[in-house]
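File shown: input26.txt. Contents: compact mmCIF, C-alpha atoms.
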```
# COMPACT_ATOMS: atom_id res chain seq x y z
CA MET S 1405 152.41 206.97 -47.16
CA SER S 1406 149.53 208.39 -49.17
CA ASP S 1407 149.60 211.24 -51.63
CA TYR S 1408 150.13 214.67 -50.12
CA LYS S 1409 147.33 216.16 -48.00
CA LYS S 1410 146.41 219.76 -48.66
CA GLY S 1411 146.75 221.91 -45.55
CA SER S 1412 148.40 219.16 -43.49
CA LEU S 1413 151.40 221.35 -42.51
CA SER S 1414 151.07 224.51 -40.41
CA LEU S 1415 153.31 227.58 -40.67
CA ALA S 1416 155.21 226.35 -37.62
CA ASN S 1417 155.60 222.89 -39.20
CA ALA S 1418 156.97 224.47 -42.38
CA VAL S 1419 159.46 226.62 -40.47
CA ALA S 1420 160.54 223.59 -38.44
CA MET S 1421 161.03 221.60 -41.63
CA GLY S 1422 163.14 224.32 -43.25
CA THR S 1423 165.31 224.87 -40.19
CA GLY S 1424 165.50 221.11 -39.70
CA VAL S 1425 167.17 220.58 -43.05
CA MET S 1426 169.36 223.69 -42.83
CA ILE S 1427 170.72 223.30 -39.32
CA GLY S 1428 171.44 219.61 -39.78
CA ALA S 1429 173.77 220.33 -42.69
CA GLY S 1430 174.87 223.88 -42.06
CA ILE S 1431 176.50 223.77 -38.68
CA PHE S 1432 177.51 220.20 -38.03
CA ALA S 1433 178.56 219.21 -41.54
CA LEU S 1434 179.95 222.40 -43.04
CA LEU S 1435 181.38 224.70 -40.36
CA GLY S 1436 184.85 223.15 -40.47
CA GLN S 1437 184.97 223.15 -44.27
CA VAL S 1438 183.96 226.82 -44.34
CA ALA S 1439 186.67 227.68 -41.81
CA GLU S 1440 189.25 225.87 -43.93
CA LEU S 1441 188.50 228.15 -46.90
CA SER S 1442 187.73 231.47 -45.22
CA GLY S 1443 190.01 231.38 -42.17
CA GLU S 1444 189.01 233.74 -39.39
CA TYR S 1445 186.33 235.20 -41.63
CA PHE S 1446 184.33 231.98 -41.36
CA ALA S 1447 181.64 233.36 -39.05
CA LEU S 1448 181.11 236.31 -41.39
CA SER S 1449 180.97 233.87 -44.30
CA PHE S 1450 177.77 232.44 -42.82
CA ILE S 1451 176.26 235.93 -42.66
CA VAL S 1452 177.21 236.77 -46.26
CA GLY S 1453 175.94 233.37 -47.40
CA GLY S 1454 172.66 234.12 -45.64
CA ILE S 1455 172.37 237.47 -47.43
CA ILE S 1456 172.95 235.82 -50.81
CA SER S 1457 170.39 233.15 -49.93
CA GLY S 1458 167.95 235.90 -49.03
CA PHE S 1459 168.25 237.36 -52.53
CA SER S 1460 167.83 233.87 -53.98
CA ALA S 1461 164.77 233.21 -51.82
CA TYR S 1462 163.00 236.16 -53.47
CA SER S 1463 162.37 234.24 -56.70
CA TYR S 1464 161.10 231.19 -54.83
CA ILE S 1465 158.78 233.26 -52.64
CA LYS S 1466 157.31 235.02 -55.69
CA MET S 1467 156.77 231.74 -57.51
CA ALA S 1468 155.37 229.99 -54.42
CA ASP S 1469 152.95 232.85 -53.85
CA ALA S 1470 151.61 232.42 -57.37
CA TYR S 1471 151.93 228.63 -57.74
CA PRO S 1472 152.03 226.76 -54.41
CA SER S 1473 152.30 223.02 -55.04
CA ALA S 1474 153.58 219.77 -53.60
CA GLY S 1475 156.20 219.73 -56.36
CA GLY S 1476 157.55 223.19 -55.56
CA ILE S 1477 160.65 223.71 -57.65
CA ALA S 1478 159.54 221.22 -60.31
CA MET S 1479 156.34 223.21 -60.79
CA PHE S 1480 158.22 226.53 -60.82
CA LEU S 1481 160.49 225.28 -63.59
CA GLN S 1482 157.57 223.92 -65.56
CA LYS S 1483 155.80 227.29 -65.38
CA ALA S 1484 158.93 229.09 -66.57
CA TYR S 1485 160.27 226.68 -69.19
CA GLY S 1486 157.43 224.31 -70.01
CA LYS S 1487 157.63 220.52 -69.88
CA GLY S 1488 160.98 220.26 -71.60
CA THR S 1489 164.60 219.34 -71.12
CA ILE S 1490 165.54 222.47 -69.11
CA THR S 1491 162.77 221.84 -66.58
CA ALA S 1492 163.62 218.18 -66.13
CA PHE S 1493 167.38 218.83 -66.06
CA ALA S 1494 167.24 221.62 -63.46
CA ALA S 1495 164.72 219.77 -61.30
CA LEU S 1496 166.92 216.68 -61.29
CA LEU S 1497 169.95 218.78 -60.32
CA MET S 1498 167.94 220.01 -57.34
CA ALA S 1499 166.90 216.47 -56.50
CA PHE S 1500 170.51 215.27 -56.72
CA SER S 1501 171.62 218.18 -54.54
CA MET S 1502 169.05 217.20 -51.91
CA ILE S 1503 170.08 213.55 -52.08
CA LEU S 1504 173.71 214.60 -51.66
CA ASN S 1505 172.60 216.66 -48.67
CA GLU S 1506 171.06 213.55 -47.15
CA SER S 1507 174.34 211.68 -47.61
CA LEU S 1508 176.29 214.64 -46.20
CA VAL S 1509 174.16 214.84 -43.08
CA ALA S 1510 174.05 211.05 -42.64
CA ARG S 1511 177.87 210.87 -42.64
CA THR S 1512 177.94 213.79 -40.19
CA PHE S 1513 175.64 211.77 -37.93
CA GLY S 1514 178.11 208.89 -38.06
CA THR S 1515 181.11 211.14 -37.44
CA TYR S 1516 179.61 212.86 -34.39
CA THR S 1517 178.26 209.63 -32.94
CA MET S 1518 181.73 208.11 -33.10
CA GLN S 1519 183.00 210.92 -30.85
CA LEU S 1520 181.20 209.18 -27.99
CA PHE S 1521 183.53 206.24 -28.52
CA ASN S 1522 186.71 208.23 -29.26
CA GLY S 1523 186.43 207.21 -32.90
CA ASN S 1524 187.49 209.26 -35.89
CA GLU S 1525 186.00 210.34 -39.20
CA ASN S 1526 187.78 207.54 -41.05
CA SER S 1527 186.29 204.78 -38.94
CA PHE S 1528 184.46 201.91 -40.64
CA TRP S 1529 181.50 202.63 -38.39
CA VAL S 1530 180.88 206.12 -39.82
CA PRO S 1531 179.28 204.89 -43.08
CA VAL S 1532 177.60 202.02 -41.19
CA LEU S 1533 175.88 204.46 -38.83
CA ALA S 1534 175.06 206.76 -41.76
CA VAL S 1535 173.35 203.93 -43.65
CA ALA S 1536 171.40 202.99 -40.51
CA LEU S 1537 170.15 206.58 -40.25
CA LEU S 1538 169.04 206.63 -43.90
CA VAL S 1539 167.08 203.41 -43.42
CA THR S 1540 165.44 204.83 -40.28
CA ALA S 1541 164.52 208.03 -42.13
CA PHE S 1542 162.91 205.92 -44.85
CA VAL S 1543 160.71 204.17 -42.27
CA VAL S 1544 159.66 207.47 -40.68
CA ASN S 1545 158.70 208.89 -44.08
CA ILE S 1546 156.61 205.82 -44.85
CA LEU S 1547 154.57 206.57 -41.71
CA GLY S 1548 153.31 209.79 -43.31
CA ASN S 1549 152.90 213.55 -42.94
CA GLU S 1550 151.35 213.63 -39.48
CA VAL S 1551 154.29 211.81 -37.92
CA ILE S 1552 156.75 214.04 -39.81
CA GLY S 1553 154.92 217.21 -38.73
CA LYS S 1554 155.00 216.21 -35.06
CA THR S 1555 158.63 215.19 -35.35
CA ALA S 1556 159.48 218.52 -36.95
CA MET S 1557 158.02 220.60 -34.15
CA THR S 1558 159.55 218.61 -31.30
CA THR S 1559 163.02 218.11 -32.72
CA ALA S 1560 163.33 221.65 -34.10
CA ALA S 1561 162.76 223.02 -30.60
CA ILE S 1562 165.27 220.57 -29.11
CA LYS S 1563 168.07 221.19 -31.55
CA ILE S 1564 167.72 224.96 -31.96
CA GLY S 1565 167.48 225.35 -28.20
CA GLY S 1566 170.35 222.93 -27.68
CA ILE S 1567 172.64 224.64 -30.18
CA LEU S 1568 171.89 228.04 -28.65
CA ILE S 1569 172.64 226.63 -25.17
CA PHE S 1570 175.94 225.32 -26.55
CA ALA S 1571 176.74 228.67 -28.17
CA VAL S 1572 175.80 230.87 -25.21
CA GLY S 1573 177.40 228.50 -22.68
CA THR S 1574 180.61 228.26 -24.66
CA LEU S 1575 180.77 232.02 -25.19
CA TRP S 1576 180.06 232.63 -21.50
CA ALA S 1577 182.85 230.27 -20.47
CA ALA S 1578 185.17 232.02 -22.93
CA GLU S 1579 184.05 235.40 -21.54
CA PHE S 1580 182.61 236.24 -24.97
CA SER S 1581 186.05 236.38 -26.48
CA ILE S 1582 186.21 237.09 -30.20
CA GLY S 1583 188.88 234.42 -30.63
CA SER S 1584 189.21 233.10 -34.19
CA ALA S 1585 185.58 233.72 -35.09
CA LEU S 1586 185.94 237.35 -36.14
CA PRO S 1587 188.81 238.89 -38.12
CA SER S 1588 191.42 240.89 -36.26
CA GLY S 1589 193.22 242.01 -39.40
CA GLY S 1590 193.32 241.54 -43.15
CA PRO S 1591 192.36 238.16 -44.65
CA GLU S 1592 195.16 235.60 -44.64
CA ASN S 1593 193.49 233.38 -47.23
CA LYS S 1594 193.08 234.38 -50.85
CA VAL S 1595 189.94 236.29 -51.87
CA ILE S 1596 189.03 233.43 -54.21
CA ASP S 1597 189.07 231.03 -51.23
CA TYR S 1598 186.70 233.27 -49.33
CA ILE S 1599 184.37 233.44 -52.32
CA ALA S 1600 184.52 229.65 -52.59
CA SER S 1601 183.55 229.33 -48.92
CA LEU S 1602 180.33 231.15 -49.71
CA ALA S 1603 179.24 228.22 -51.90
CA LEU S 1604 179.26 226.04 -48.80
CA THR S 1605 177.44 228.57 -46.63
CA ILE S 1606 174.81 228.95 -49.35
CA LEU S 1607 174.51 225.16 -49.31
CA ALA S 1608 173.93 225.46 -45.57
CA TYR S 1609 170.89 227.67 -46.22
CA LYS S 1610 169.41 225.83 -49.20
CA GLY S 1611 167.05 223.93 -46.90
CA PHE S 1612 164.56 226.76 -47.33
CA THR S 1613 163.69 225.20 -50.70
CA THR S 1614 162.34 222.20 -48.78
CA ILE S 1615 159.43 224.42 -47.81
CA THR S 1616 158.56 225.21 -51.45
CA ASN S 1617 158.64 221.50 -52.27
CA SER S 1618 155.82 221.00 -49.77
CA GLY S 1619 153.88 224.12 -50.78
CA GLY S 1620 150.72 222.18 -51.58
CA GLU S 1621 150.65 220.80 -48.04
CA VAL S 1622 151.14 224.10 -46.16
CA LYS S 1623 148.05 225.82 -44.77
CA ASN S 1624 147.26 229.11 -46.54
CA PRO S 1625 150.30 228.59 -48.82
CA HIS S 1626 150.02 231.92 -50.68
CA LYS S 1627 151.11 233.66 -47.49
CA ASN S 1628 152.68 231.02 -45.29
CA VAL S 1629 155.25 229.57 -47.70
CA GLY S 1630 156.95 232.96 -48.03
CA ARG S 1631 156.70 233.63 -44.31
CA ALA S 1632 158.15 230.23 -43.50
CA ILE S 1633 161.11 230.81 -45.83
CA VAL S 1634 161.93 234.21 -44.33
CA LEU S 1635 161.58 232.99 -40.74
CA SER S 1636 163.73 229.91 -41.44
CA LEU S 1637 166.52 231.98 -42.97
CA ILE S 1638 166.54 234.46 -40.08
CA ILE S 1639 166.53 231.74 -37.41
CA CYS S 1640 169.35 229.86 -39.11
CA ALA S 1641 171.45 232.98 -39.67
CA VAL S 1642 171.34 233.74 -35.92
CA VAL S 1643 172.10 230.14 -34.98
CA TYR S 1644 174.94 229.83 -37.51
CA PHE S 1645 176.65 233.05 -36.49
CA MET S 1646 176.44 232.42 -32.76
CA THR S 1647 177.68 228.86 -33.13
CA ALA S 1648 180.57 229.86 -35.39
CA TRP S 1649 181.48 232.60 -32.91
CA ALA S 1650 181.39 230.08 -30.05
CA VAL S 1651 183.60 227.57 -31.87
CA GLY S 1652 186.03 230.28 -32.97
CA ALA S 1653 186.26 231.63 -29.42
CA ASN S 1654 187.58 228.29 -28.17
CA LEU S 1655 189.52 226.80 -31.06
CA SER S 1656 192.12 228.25 -33.38
CA ILE S 1657 191.57 228.02 -37.13
CA PRO S 1658 194.09 225.14 -37.48
CA GLU S 1659 192.29 223.27 -34.69
CA ILE S 1660 188.91 223.80 -36.37
CA VAL S 1661 190.30 222.59 -39.70
CA GLN S 1662 191.88 219.54 -38.10
CA ALA S 1663 188.53 218.60 -36.53
CA LYS S 1664 186.45 219.98 -39.40
CA ASP S 1665 184.06 217.01 -39.52
CA TYR S 1666 183.23 217.32 -35.79
CA ALA S 1667 184.26 220.87 -34.90
CA LEU S 1668 181.43 221.55 -32.45
CA ALA S 1669 182.23 218.48 -30.39
CA GLU S 1670 185.90 219.45 -30.33
CA ALA S 1671 185.03 222.98 -29.18
CA ALA S 1672 183.04 221.60 -26.24
CA ARG S 1673 185.86 219.40 -24.91
CA PRO S 1674 188.24 221.97 -23.36
CA LEU S 1675 185.52 223.87 -21.51
CA PHE S 1676 182.98 221.26 -20.40
CA GLY S 1677 184.83 217.95 -20.66
CA ASN S 1678 182.80 214.80 -21.30
CA TYR S 1679 179.50 216.43 -20.28
CA GLY S 1680 179.90 219.09 -22.93
CA LEU S 1681 180.93 216.50 -25.47
CA TRP S 1682 177.92 214.31 -24.74
CA PHE S 1683 175.54 217.27 -24.88
CA THR S 1684 176.95 218.54 -28.18
CA VAL S 1685 176.96 215.11 -29.79
CA GLY S 1686 173.40 214.56 -28.57
CA ILE S 1687 172.24 217.75 -30.27
CA ALA S 1688 174.17 216.81 -33.41
CA ILE S 1689 172.45 213.43 -33.49
CA VAL S 1690 168.99 215.02 -33.19
CA ALA S 1691 169.83 217.68 -35.80
CA THR S 1692 171.24 215.27 -38.35
CA ILE S 1693 168.45 212.72 -37.92
CA THR S 1694 165.76 215.33 -38.56
CA GLY S 1695 167.76 216.89 -41.40
CA VAL S 1696 167.75 213.58 -43.25
CA ILE S 1697 164.08 212.86 -42.52
CA PHE S 1698 162.85 216.22 -43.79
CA SER S 1699 165.09 216.22 -46.85
CA ILE S 1700 163.83 212.80 -47.93
CA PHE S 1701 160.28 214.00 -47.26
CA ALA S 1702 160.70 216.92 -49.68
CA VAL S 1703 162.67 215.30 -52.48
CA SER S 1704 160.24 212.38 -52.67
CA ARG S 1705 157.42 214.85 -53.38
CA MET S 1706 159.38 216.66 -56.05
CA THR S 1707 160.52 213.53 -57.88
CA ALA S 1708 157.02 212.07 -57.67
CA MET S 1709 155.69 215.17 -59.38
CA LEU S 1710 158.39 214.92 -62.07
CA THR S 1711 157.25 211.35 -62.65
CA ASN S 1712 153.60 212.36 -62.88
CA MET S 1713 154.59 215.10 -65.35
CA LYS S 1714 156.38 212.40 -67.41
CA LEU S 1715 159.65 214.31 -67.16
CA ILE S 1716 161.71 211.48 -65.69
CA PRO S 1717 161.59 207.72 -66.29
CA HIS S 1718 159.97 205.53 -63.69
CA SER S 1719 159.68 201.81 -63.05
CA HIS S 1720 157.76 200.07 -60.28
CA LEU S 1721 160.30 197.21 -60.33
CA GLY S 1722 157.56 194.99 -58.94
CA MET S 1723 157.16 197.09 -55.78
CA PRO S 1724 153.71 197.66 -54.25
CA GLY S 1725 152.46 201.11 -53.31
CA ASN S 1726 152.31 204.48 -55.06
CA ILE S 1727 154.87 206.55 -56.91
CA GLN S 1728 155.93 208.54 -53.84
CA GLN S 1729 156.74 205.33 -51.99
CA HIS S 1730 158.78 204.12 -54.95
CA MET S 1731 160.67 207.40 -55.08
CA LEU S 1732 161.50 207.04 -51.38
CA VAL S 1733 163.13 203.70 -52.12
CA TYR S 1734 165.17 205.06 -55.06
CA ILE S 1735 166.23 208.15 -53.09
CA VAL S 1736 167.39 206.21 -50.05
CA VAL S 1737 169.26 203.63 -52.14
CA LEU S 1738 171.10 206.40 -54.03
CA SER S 1739 171.84 208.24 -50.78
CA ILE S 1740 173.32 205.09 -49.29
CA ALA S 1741 175.56 204.60 -52.35
CA LEU S 1742 176.86 208.18 -52.15
CA THR S 1743 177.38 207.88 -48.40
CA VAL S 1744 179.58 204.85 -48.84
CA LEU S 1745 181.54 206.13 -51.87
CA PHE S 1746 182.36 209.75 -50.93
CA ASP S 1747 183.66 211.68 -47.93
CA LEU S 1748 182.07 214.82 -46.47
CA SER S 1749 184.15 217.24 -48.52
CA GLY S 1750 183.35 215.57 -51.85
CA ILE S 1751 179.64 215.25 -51.09
CA ALA S 1752 179.39 218.91 -50.05
CA ALA S 1753 181.23 220.11 -53.17
CA MET S 1754 178.97 218.24 -55.59
CA GLY S 1755 175.87 219.34 -53.70
CA ALA S 1756 176.94 223.00 -53.86
CA ILE S 1757 177.67 222.86 -57.61
CA PHE S 1758 174.36 221.17 -58.49
CA TYR S 1759 172.36 223.53 -56.30
CA LEU S 1760 173.95 226.74 -57.60
CA ILE S 1761 173.42 225.73 -61.24
CA MET S 1762 169.78 224.92 -60.54
CA ASP S 1763 169.37 228.17 -58.61
CA ILE S 1764 170.69 230.20 -61.55
CA ILE S 1765 168.28 228.43 -63.91
CA ILE S 1766 165.36 229.29 -61.59
CA HIS S 1767 166.31 232.98 -61.49
CA VAL S 1768 166.81 233.19 -65.26
CA GLY S 1769 163.40 231.56 -65.76
CA VAL S 1770 161.74 234.09 -63.48
CA LEU S 1771 163.53 236.99 -65.16
CA LYS S 1772 162.87 235.92 -68.76
CA HIS S 1773 159.48 234.24 -68.56
CA MET S 1774 157.69 234.95 -65.28
CA LYS S 1775 158.60 238.50 -64.26
CA GLU S 1776 155.25 240.03 -65.15
CA LYS S 1777 153.15 237.06 -64.04
CA VAL S 1778 154.61 236.91 -60.53
CA LYS S 1779 155.38 240.64 -60.30
CA ALA S 1780 159.07 240.13 -59.60
CA ASN S 1781 161.57 242.96 -59.19
CA SER S 1782 164.17 242.57 -61.97
CA ALA S 1783 166.97 244.21 -59.99
CA ILE S 1784 166.65 241.72 -57.12
CA VAL S 1785 166.57 238.73 -59.47
CA VAL S 1786 169.57 239.97 -61.48
CA THR S 1787 171.51 240.54 -58.26
CA ALA S 1788 170.79 236.95 -57.21
CA ILE S 1789 172.03 235.66 -60.59
CA VAL S 1790 175.27 237.67 -60.45
CA MET S 1791 175.99 236.55 -56.88
CA ASP S 1792 175.39 232.90 -57.76
CA VAL S 1793 177.60 233.05 -60.85
CA VAL S 1794 180.48 234.68 -58.99
CA VAL S 1795 180.32 232.21 -56.11
CA LEU S 1796 179.98 229.18 -58.41
CA ALA S 1797 182.93 230.30 -60.57
CA GLY S 1798 185.10 230.89 -57.51
CA PHE S 1799 184.18 227.55 -55.98
CA ILE S 1800 184.90 225.60 -59.18
CA TRP S 1801 188.24 227.41 -59.60
CA VAL S 1802 189.33 226.41 -56.08
CA LYS S 1803 188.13 222.82 -56.45
CA VAL S 1804 189.89 222.40 -59.79
CA GLN S 1805 193.13 223.06 -57.92
CA THR S 1806 192.35 221.10 -54.76
CA ASN S 1807 189.95 218.28 -55.74
CA LEU S 1808 189.79 217.85 -59.50
CA THR S 1809 188.08 214.47 -59.16
CA VAL S 1810 184.96 216.10 -57.71
CA ILE S 1811 184.78 218.51 -60.65
CA ILE S 1812 185.20 215.69 -63.18
CA VAL S 1813 182.52 213.54 -61.50
CA SER S 1814 180.16 216.53 -61.20
CA THR S 1815 180.66 217.50 -64.86
CA ALA S 1816 180.04 213.92 -65.97
CA LEU S 1817 176.84 213.65 -63.92
CA ILE S 1818 175.60 216.99 -65.24
CA ALA S 1819 176.26 215.92 -68.84
CA VAL S 1820 174.61 212.51 -68.36
CA THR S 1821 171.58 214.14 -66.71
CA PHE S 1822 171.11 216.73 -69.45
CA PHE S 1823 171.57 214.46 -72.46
CA GLY S 1824 169.78 211.56 -70.77
CA GLU S 1825 166.74 213.77 -70.22
CA LYS S 1826 166.92 215.05 -73.78
CA ILE S 1827 166.87 211.49 -75.15
CA PHE S 1828 164.11 210.39 -72.75
CA LEU S 1829 161.83 213.30 -73.61
CA GLN S 1830 162.38 212.76 -77.34
CA LYS S 1831 161.37 209.12 -76.85
CA ILE S 1832 158.24 210.13 -74.93
CA LYS S 1833 157.31 212.62 -77.66
CA LYS S 1834 157.82 210.01 -80.39
CA GLU S 1835 155.69 207.49 -78.52
CA GLY S 1836 152.98 210.11 -78.14
CA ASP S 1837 153.13 210.99 -81.83
CA ASP S 1838 152.98 207.30 -82.81
CA GLU S 1839 149.98 206.73 -80.54
CA GLU S 1840 148.23 209.79 -81.99
CA ASN S 1841 148.89 208.60 -85.54
CA SER S 1842 147.58 205.12 -84.77
CA LEU S 1843 144.28 206.59 -83.63
CA LYS S 1844 143.76 208.49 -86.87
```

Encoded form (structure tokens):
Amino acid sequence: MSDYKKGSLSLANAVAMGTGVMIGAGIFALLGQVAELSGEYFALSFIVGGIISGFSAYSYIKMADAYPSAGGIAMFLQKAYGKGTITAFAALLMAFSMILNESLVARTFGTYTMQLFNGNENSFWVPVLAVALLVTAFVVNILGNEVIGKTAMTTAAIKIGGILIFAVGTLWAAEFSIGSALPSGGPENKVIDYIASLALTILAYKGFTTITNSGGEVKNPHKNVGRAIVLSLIICAVVYFMTAWAVGANLSIPEIVQAKDYALAEAARPLFGNYGLWFTVGIAIVATITGVIFSIFAVSRMTAMLTNMKLIPHSHLGMPGNIQQHMLVYIVVLSIALTVLFDLSGIAAMGAIFYLIMDIIIHVGVLKHMKEKVKANSAIVVTAIVMDVVVLAGFIWVKVQTNLTVIIVSTALIAVTFFGEKIFLQKIKKEGDDEENSLK
């Protein structure tokens, strides 16, 4: 894979890439977890999460319009904070969040595939299949942008069309019953649980940032990056709501929670039998495969730019090729480790925490340092910050009570990342000063 090619991705390619990452994680990996927290409000949770993501997208669109680049978020942070610890720290949080997303979607691929063999989410074969997918995604990315662009267009059409067929067919068979998808009374879960569920629905939409990470490759990026983000969010909001409605019309909340790692497949069983199961699993396989491919595609660009900016350490380890190829290797190896070590719930929780912290840092940077340069509306940016803070606080509060290990691991990784970057950048500065002094 060569360095990025300017103008190699069309508007349609960019939209397909964004929806590819979002739909792979959002529906198949997270729907059951969202239902567990928000109860019969889970379909509405996807709508509210989409609205919050829309406010968040404003800062990215403004920055992408002014500074389109192959590094996307890394470049945005550098423009706002300079080449310092905050930039490197926040960019790495985003990279980790994307890597976690790859692990999340890879395990979802394994879980849904096992439904064809009456397996369960605890089967030994789930991580085996997930690792196989990650290795395949690595190979596809090595083949380059043209292959990825063609894959994006074809598979996006297949999976969006397939999911809509599932949703409409399921709703038709259920006579468009509201079922458990829409509330019939007051919320049974606590308000804090509902707020926490929004962290996961926001995670389901975060794939729009994949588009900014490939800004330097999109044709006419000053216009098309923003358009691609908006179109991706709208498409995914429609798909998410209709699918959640379809699942809720055929399964009760307890049934969705029990089958939370493969809820769509479970919803297809009672109405369409094996044919519905095979169709749903087939769409899940396509969606999760492309989700992993496009996520790896984007994070490799961002981490390569961080390396070129000398914001993160890098070693060739004797490997041939360029920095982007090396980053692909590191990313896939780390994704495989996370896939084997954590379950879907733990991976999703860490990904949501890392992403929300990074998102807040982006908005604060725009508000404090870039507002005039990118002509951003302060009220919109402040609203995005407040929403993120409330959702993050609610999510952490719930996880402290239900999965403290995830919070401890996340806190440790955040601390190691921040202080590790601080030490690394101080070392780089000292080496630069020593070299400058030796030339005098």

Nearest residue to Met1479 in chain S from the set S:Ala1819, S:Ile1789, S:Leu1760, S:Ile1766 (distances using only C-alpha atoms):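 Closest candidate: S:Ile1766.
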
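Distance check against Ala1470 in chain S using all atoms listed in the file: of S:Met1774, S:Ile1827, S:Ile1800, S:Ile1687, the minimum falls on S:Met1774.
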
For Leu1738 in chain S, find every residue with an atom within 9 Å (counting only C-alpha atoms), except residues of its own chain fewer than 3 positions away, and show them as a JSON list (two decimals) with C-alpha atoms, keeping the file's coordinate frame.
```
[["chain", "number", "residue", "atom", "x", "y", "z"],
["S", 1503, "ILE", "CA", 170.08, 213.55, -52.08],
["S", 1504, "LEU", "CA", 173.71, 214.60, -51.66],
["S", 1507, "SER", "CA", 174.34, 211.68, -47.61],
["S", 1733, "VAL", "CA", 163.13, 203.70, -52.12],
["S", 1734, "TYR", "CA", 165.17, 205.06, -55.06],
["S", 1735, "ILE", "CA", 166.23, 208.15, -53.09],
["S", 1741, "ALA", "CA", 175.56, 204.60, -52.35],
["S", 1742, "LEU", "CA", 176.86, 208.18, -52.15],
["S", 1743, "THR", "CA", 177.38, 207.88, -48.40]]
```

Extending 8 Å beyond the listed atoms of range 1707-1722 of chain S on each side, what axis-aligned box results? I want centre and edge lengths in Å to one decimal, as JSON.
```
{"center_x": 157.7, "center_y": 205.1, "center_z": -62.5, "size_x": 24.1, "size_y": 36.2, "size_z": 25.7}
```

Legend entry - Distance criterion (all atoms listed in the file): nearest to Cys1640 in chain S out of S:Thr1423, S:Asn1624, S:Gln1662, S:Asn1522: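 Residue with the minimum atom-to-atom distance to Cys1640 in chain S: S:Thr1423.
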
May I have the protein, DNA and RNA residues with any atom at most 12 Å from the point (182.6, 211.1, -50.5), counting only C-alpha atoms, written as a PyMOL selection string?
chain S and resi 1504-1505+1507-1512+1525-1526+1530-1531+1739-1755+1807+1809-1810+1813

Contact residues around Ile1765 in chain S with only C-alpha atoms at 12 Å, ignoring same-chain residues under 5 positions, as an MDAnalysis selection string: chainID S and resid 1460 1463:1464 1477:1478 1480:1482 1484:1485 1490:1495 1497:1498 1758:1760 1770:1773 1785:1786 1788:1789 1792:1793
